[in-house]
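**Student:** So that we are looking at the same thing, I have put the structure below in structure tokens.
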Amino acid sequence: MSKRFASQPRGQSIRQLAWQDYPATVDVESRLSRLCWRVQQCEKAGQHYRLHLPGVLIEPQPQQRELALAALAEFQLPS
């Protein structure tokens with residue numbers, strides 16, 4: 001007998017939402033807006049996701065939506 005530990009429900013993949021998904025020609029506000037929309041779409045579909053911003057990583061967790069949207073709203077490029 002063995003026990004299986006999984007960090008996510010079986011059959012569910014984690015969608016990656018990353019700053020780097022967009023070319024450098026896309027301005028900061030457009031990237032933030034698109035990532036915000038993708039967070040909302042994942043939440044609406046019940047899809048697990050991970051948000052990657054420069055210097056920020058938000059993993060699947062309780063209240064992830066609020067954390068992700070706050071990170072996007074307060075985001076400033078590191079100098």
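Chain identifiers are assigned as A, B, and so on, following the order in which chains appear in the structure tokens; residues are numbered from 1 within each chain, and ligands are numbered from 1 in order of appearance.
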For the strand (DSSP E) assignment from backbone DSSP, which residues of chain A qualify? Please present them as a count of residues only.
**Tutor:** 14
**Student:** Would you return as an NGL selection string the members of chain A that DSSP assigns to helix (DSSP H, G or I) on this structure's backbone?
**Tutor:** :A and (19-21 or 28-45 or 64-73)
**Student:** Could you check the closest approach to A:Gln61 for each of A:Arg15, A:Pro78, A:Tyr49, A:Asp21 and tell me which residue wins, using only C-alpha atoms?
**Tutor:** A:Tyr49
**Student:** Have a look at atom CA of A:Arg38 and atom CA of A:Leu57 and let me know their distance in Å, one decimal.
**Tutor:**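 Straight-line distance from atom CA of A:Arg38 to atom CA of A:Leu57 works out to 15.4 Å.
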**Student:** For A:Leu72, list every protein, DNA or RNA residue within 9 Å, evaluated using only C-alpha atoms, and leave out those in the same chain fewer than 5 positions away; present the list as number ranges by chain.
**Tutor:** A: 32-33, 35-36, 53, 67
**Student:** What gap, in Å, lies between atom CA of A:His48 and atom CA of A:Gln12?
**Tutor:**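 If I compute the distance from atom CA of A:His48 to atom CA of A:Gln12, I get 7.4 Å.
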**Student:** When distances are computed from only C-alpha atoms, which of A:Ala71, A:Ser13, A:Glu29, A:Gln63 shows the smallest separation from A:Leu51?
**Tutor:**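 With only C-alpha atoms as the atom set, the closest residue is A:Ala71.
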**Student:** Rounded to one decimal place, report the atom CA of A:Leu17-atom CA of A:Ala45 distance in Å.
**Tutor:**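 Separation between atom CA of A:Leu17 and atom CA of A:Ala45: 14.6 Å.
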**Student:** Do a neighbour search on A:Val28 at 12 Å with only C-alpha atoms, toss out local chain neighbours closer than 5 positions, and write the hits as a count of residues only.
**Tutor:** 14
**Student:** Would you please work out which residue, of A:Pro60, A:Thr25, A:Arg65, A:Glu74, is nearest to A:Trp37 when using only C-alpha atoms?
**Tutor:**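 Once distances to A:Trp37 are computed over only C-alpha atoms, the minimum belongs to A:Arg65.
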